[in-house]
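J.: Supplied in structure tokens, the structure appears directly below.
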Amino acid sequence: MTSPTGLFAVAPWLLLLYLALAILAPALCRRLGRGALIVLALLPAATTVWAAAMLPSVMNGGALTSSTRWVPALDLAIDLRMDALAMALTLIIAFIGMLVLLYSARYFPADDDGLSKYSGSLVAFAGAMLGLVWANNLILLVVCWELTGILSYLLIAHRAGKKSSRTAASQALMVTTAGGLVMLIGAVMLGTLAGTFTISEILAAPPSGPLVTVSVLLLIVGGISKSAIVPFQFWLPGAMAAPTPASAYLHAATMVKAGIYLFLRLAPAFATLPVWQPVLIALGGGTMLFGAVLALRQRDLKLLLAYGTVSQLGLMTLVIGTGNPDALLGGLAMLIAHATFKAPLFFTVGIIDTTTGTRDLTKLSGLGRRMPLLATLAVLSALSMAGIPPMLGFAAKEADYAGLLEGGTGGYVAVVVMALGSAITTAYSARFIWGAFAAKKDVPAADPAPTSAFMVGPTMAMVAIGLVLGIAPGLLEPLLQSYAQTAGPTHPGAMALWHGWSIPLALSAAGWLIGAAVFLGQRAWERRRDLIARPGAEPGIAYRVGIKGVDVVADGVTNATQRGSLPVSLGAILLVLVLFPGTMLLTSGVGPKDVEVIGQPGTLVICVVILAIAAATLRARRALPAVMMVGGIGYAMAVLFILRGAPDLALTQILVETITLVAALLVLTRLPDDLLFAKHRGNAFRAIIAVAAGALMTGLALIIPGTRVATPVSADLAGPAVEFGGGYNIVNVILVDVRAWDTFGELTVLIAAATGVASMIFLVRRTGRTPRRPTQESSTSRPHEPSPWLATNWMPRRSLLLEVVTRMIFHVIVVFSVYVLFVGHDAPGGGFAAGLIVGLALALRYIAGGAYELGEAAPWDPGILMGTGLFISAATAIYGVIAGGAALQSTILKATVPLLGDLKFVTSSIFDVGVYLIVIGLVLDVLRAMGAELDRQGMLERSERTSSTRDRQGAR
């Protein structure tokens with residue numbers, strides 16, 4: 001049964017509330033300090049109450065759903081679903097999240113600089129985890145999956161000043177993200193094969209076939225990477241660099257359970273696949289034994305718990321891998337039990353660390369007498385971890401044994417592995433209690449500082465829950481059965497404190513005895529050698545070796561292919577272009593059709609001119625003539641556009657070529673004379689590649705139009721351009737109306753590029769107006785001091801005639817640009833061309849009089865100009881929506897004015913005004929950066945050289 005109504009209808013808004021609170025959390029921390037964490041805890045507390053109110057709705061296979069249309073045109077929606085499995089995880093995430101925030105309010109010192117980042121990241125992580133367990137869409141599941149990885153990176157790297165924290169965070173992010181990418185491939189495959197990405201629909205009617213098996217295996221890879229299952233177990237102990245409350249939340253109660261949740265979610269539909277049982281039982285069993293053995297070797301209490309978590313995650317994977325309904329019930333029970341005992345154990349370690357200053361069990365002694373309440377809580381949690389009554393861990397372990405015994409041959413193998421792992425679990429549980437609280441010979445008794453109730457209270461709450469549910473585990477039975485029965489019929493009464501004399505009880509008792517013997521044996525061995533087991537090698541050696549190998553290969557490939565030379569890089573690109581598309585074109589057997597060979601005589605003449613200039617460019621011995629000849633090719637292309645009936649393109653080509661030429665000349669002023677000579681070695685090979693690339697593009701230009709089977713879009717543009725766009729200049733209508741969003745995006749990129757270029761050039765603050773006061777050379781400069789070959793206002797050589805003429809025609813050019821701007825909708829022109837015209841006028845003013853003239857002509861901040869233009873363009877988009885149409889949709893306004901007659905105005909012209917201002921600001925920024933600023937830097941360098949020479953002469 002499903003229901004789209006009720007309390008769960010607010011789930012999407014609740015996720016948005018987590019996001020909003022995460023954004024506000026830093027501001028709250030700055031205002032309230034650590035007290036902000038107590039305020040933030042109210043949201044997960046409310047989530048806990050909200051979820052508990054829906055418990056009756058998810059029993060007996062019930063579920064609540066919510067679907068929020070996101071992008072209806074693409075059929076994208078945020079589909080959420082709450083059933084018994086999601087409910088169990090929701091209560092864990094919300095309730096323990098509340099306790100972790102309360103605990104953190106006193107765990108961190110009041111002056112912790114990273115508290116703002118920690119609080120926001122933790123709240124956002126809780127929201128991402130809720131989204132993960134509620135997701136009813138495979139893609140949404142993967143998105144939330146990756147969000148938890150990114151946020152866990154921020155939490156692990158809380159102490160960003162420590163290299164170990166950064167390394168551990170990067171390691172965890174790399175491993176879980178790589179697994180997430182594999183999982184994404186599996187999700188896309190499974191959704192495609194099933195014909196839907198809705199998880200509930202896939203599980204209700206699972207597809208079959210070899211590709212389905214592959215997709216499920218890819219999903220399993222994502223799960224084992226997230227839950228630190230072999231071979232990805234190494235990242236979890238390394239992640240203990242995170243603050244202890246974050247470890248209690250991420251690495252005990254929530255994030256590492258994401259993979260277990262995924263296995264539980266998929267098991268009812270896919271546990272019958274032939275690969276399911278062998279893969280999960282083998283990996284889970286190996287992980288359980290591996291983690292348990294390494295936990296026994298740890299001196300750091302937190303690392304002991306970390307390896308214990310690895311072991312218990314392996315146990316859950318082992319049980320779920322058996323796949324029968326009773327085993328799935330036991331797996332979910334163990335997931336809940338693990339949260340109730342591992343979180344308070346991490347809390348305990350945090351209290352010990354903050355009150356004594358150490359987590360090393362060889363340096364702790366006598367805490368049991370000094371902190372009896374904490375010791376009692378830790379003992380109860382350790383009993384649950386070891387599976388000893390009356391704690392919930394015992395009932396969950398009994399359910400696990402019962403489920404495995406129902407699993408056939410695979411289940412019997414799993415029982416043996418679980419029994420061995422449980423014995424070692426008992427041993428390291430005893431080691432934890434002894435290491436943390438026992439009085440040790442020759443170790444001074446610890447003198448702990450007072451403990452805050454905000455730290456003890458959450459610990460006590462979790463232990464109390466584990467104790468209550470351990471004494472009355474039947475309270476969990478309806479929730480567990482509701483999930484497990486989706487896989488098939490189960491045995492009733494699976495959760496009980498006493499099942500009578502049974503095989504599971506015998507296995508548990510044997511594990512307690514063997515575990516006690518292992519612990520005592522280890523202690524005796526250590527006493528004889530007067531040592532405690534030293535920590536082994538840092539986890540993740542294989543990962544680090546692999547990453548280093550990837551770095552070496554990447555460096556080698558980069559050094560071989562990226563030579564730092566523009567001609568080499570461009571030549572490689574063109575060579576690949578010629579070889580692959582060229583080969584395909586030659587072997588396709590397709591040729592051009594209806595080609596006009598000669599056409600207009602003027603066209604042939606211009607083509608000959610272009611070829612001649614190109615050949616001359618190859619023979620140029622200096623950079624200046626080469627730049628000028630490349631500009632000449634651009635101008636010749638503009639003539640071609642005119643001959644072919646495209647005056648608007650010709651105008652734009654001329655303006656762009658001129659601005660480019662001016663910018664190139666300004667840059668050349670800063671190059672030393674001895675670098676202005678072009679090297680001719682290799683020109684022949686470059687010419688061959690260039691000719692081949694040109695021939696290929698010519699061939700494509702001749703062949704592709706002949707292969708068209710549909711009517712060109714341009715054939716139907718003339719009428720709509722006038723009717724809907726209100727203009728006869730089709731090119732301009734396309735730019736500011738049909739594809740205005742593309743133009744808007746290009747403008748944004750243009751502004752970003754200009755900002756980046758200017759930022760690399762400016763050595764000082766680049767904002768504000770252009771300086772008008774010229775920098776003069778020092779009067780003591782030597783007469784033979786070399787000067788740049790292009791004279792500007794920074795130099796003493798100036799042309800009065802050029803300055804006067806420039807000032808006389810400048811305003812005429814600006815007025816003409818305004819005319820070009822507003823006629824552009826019906827005639828050649830528009831905002832881009834008009835802006836370039838003003839840019840040319842500014843360039844002329846700068847060349848005539850340097851920064852002084854540029855400042856007189858344009859006393860504005862280029863950033864403000866570009867920002868204003870972008871704002872105007874964006875406002876045009878908003879106007880279209882307000883007017884009842886689509887964003888950037890034009891409105892044609894007509895009116896009859898006395899004397900002037902009939903007038904027409906199209907609102908897309910306002911968008912063109914924004915383009916106009918952006919282009920002017922861009923050119924002004926280029927002139928300031930590549931002109932005035934480079935001149936200023938050159939002047940300073942020459943002054944420094946002159947002063948240095950004078951000092952050396954004085955020293956002689």
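Chain labels A, B, ... are given in the sequence in which chains occur in the structure tokens; within each chain residues are numbered consecutively from 1, and ligands are likewise numbered from 1 in the order shown.
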Find the spatial neighbours of Val906 in chain A, counting only C-alpha atoms, within a cut-off of 6 Å - ignore same-chain residues fewer than 2 positions away - and output them as a list in words.
T.: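 Counting only C-alpha atoms, the residues come to Thr891, Ile892, Ser908 and Ser909 of chain A.
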J.: Compile the contact shell of range 698-705 of chain A as JSON, numbers by chain: residues with an atom at most 9 Å away, counting only C-alpha atoms, same-chain residues fewer than 2 positions apart removed.
T.: {"A": [585, 590, 591, 592, 593, 595, 693, 694, 695, 696, 707, 708]}
J.: Report as a PDB file with C-alpha atoms, in the first residue's frame all protein, DNA and RNA residues lying within 10 Å of Thr907 in chain A, evaluated on only C-alpha atoms, omitting residues in the same chain fewer than 5 positions from it.
T.:
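Okay, this is what ended up in result.pdb:
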ATOM      1  CA  GLY A 725      11.397  38.784 -33.354  1.00  0.00           C
ATOM      2  CA  GLY A 726      10.399  42.143 -34.812  1.00  0.00           C
ATOM      3  CA  VAL A 736      19.215  38.373 -28.989  1.00  0.00           C
ATOM      4  CA  ASP A 737      16.022  36.363 -29.278  1.00  0.00           C
ATOM      5  CA  THR A 876      15.444  41.348 -19.857  1.00  0.00           C
ATOM      6  CA  TYR A 879      10.837  40.842 -17.950  1.00  0.00           C
ATOM      7  CA  GLY A 880       9.858  38.111 -20.406  1.00  0.00           C
ATOM      8  CA  LEU A 888      14.179  36.460 -22.831  1.00  0.00           C
ATOM      9  CA  GLN A 889      11.058  36.393 -25.005  1.00  0.00           C
ATOM     10  CA  SER A 890      10.686  39.654 -26.981  1.00  0.00           C
ATOM     11  CA  THR A 891       7.763  42.031 -26.883  1.00  0.00           C
ATOM     12  CA  ILE A 892       7.155  44.295 -29.883  1.00  0.00           C
ATOM     13  CA  LEU A 893       5.952  47.755 -28.859  1.00  0.00           C
ATOM     14  CA  ASP A 912      21.487  44.319 -26.921  1.00  0.00           C
TER      15      ASP A 912
END
J.: Identify all residues of range 21-228 of chain A in strand (DSSP E or B) (DSSP on the backbone) and supply them as number ranges by chain.
T.: A: 63-71, 76-82, 135, 137, 198
J.: Counting only C-alpha atoms, which residue out of A:Ala333, A:Ala396, A:Leu917, A:Val691 sits closest to Ala614 in chain A?
T.: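 Answer, going by the shortest atom-to-atom distance: A:Val691.
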J.: Range 44-58 of chain A: which residues within 9 Å, counting only C-alpha atoms, same-chain residues fewer than 6 positions away excluded, as a PyMOL selection string?
T.: chain A and resi 6-8+14+18+64+82-84+87+90-99+123+126+479+482
J.: Kindly indicate which residue among A:Leu32, A:Ile503, A:Met462, A:Val468 lies nearest to Thr340 in chain A, using only C-alpha atoms for the distances.
T.: A:Met462
J.: Interatomic distance between CA of Tyr483 in chain A and CA of Ala11 in chain A?
T.: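 Interatomic distance here is 20.8 Å.
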J.: What separation in Å, quoted to one decimal, exists between CA of Val838 in chain A and CA of Ile920 in chain A?
T.: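 If I compute the distance from CA of Val838 in chain A to CA of Ile920 in chain A, I get 6.5 Å.
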J.: Quick one: everything within 9 Å of Phe290 in chain A, counting only C-alpha atoms, minus sequence neighbours fewer than 2 positions away in the same chain. Send it as a ChimeraX atom specification.
T.: /A:230,285-288,292-295,307,310-311,421
J.: Using only C-alpha atoms, find the one residue out of A:Val662, A:Phe432, A:Leu361, A:Thr490 that sits nearest to Glu406 in chain A.
T.: A:Thr490
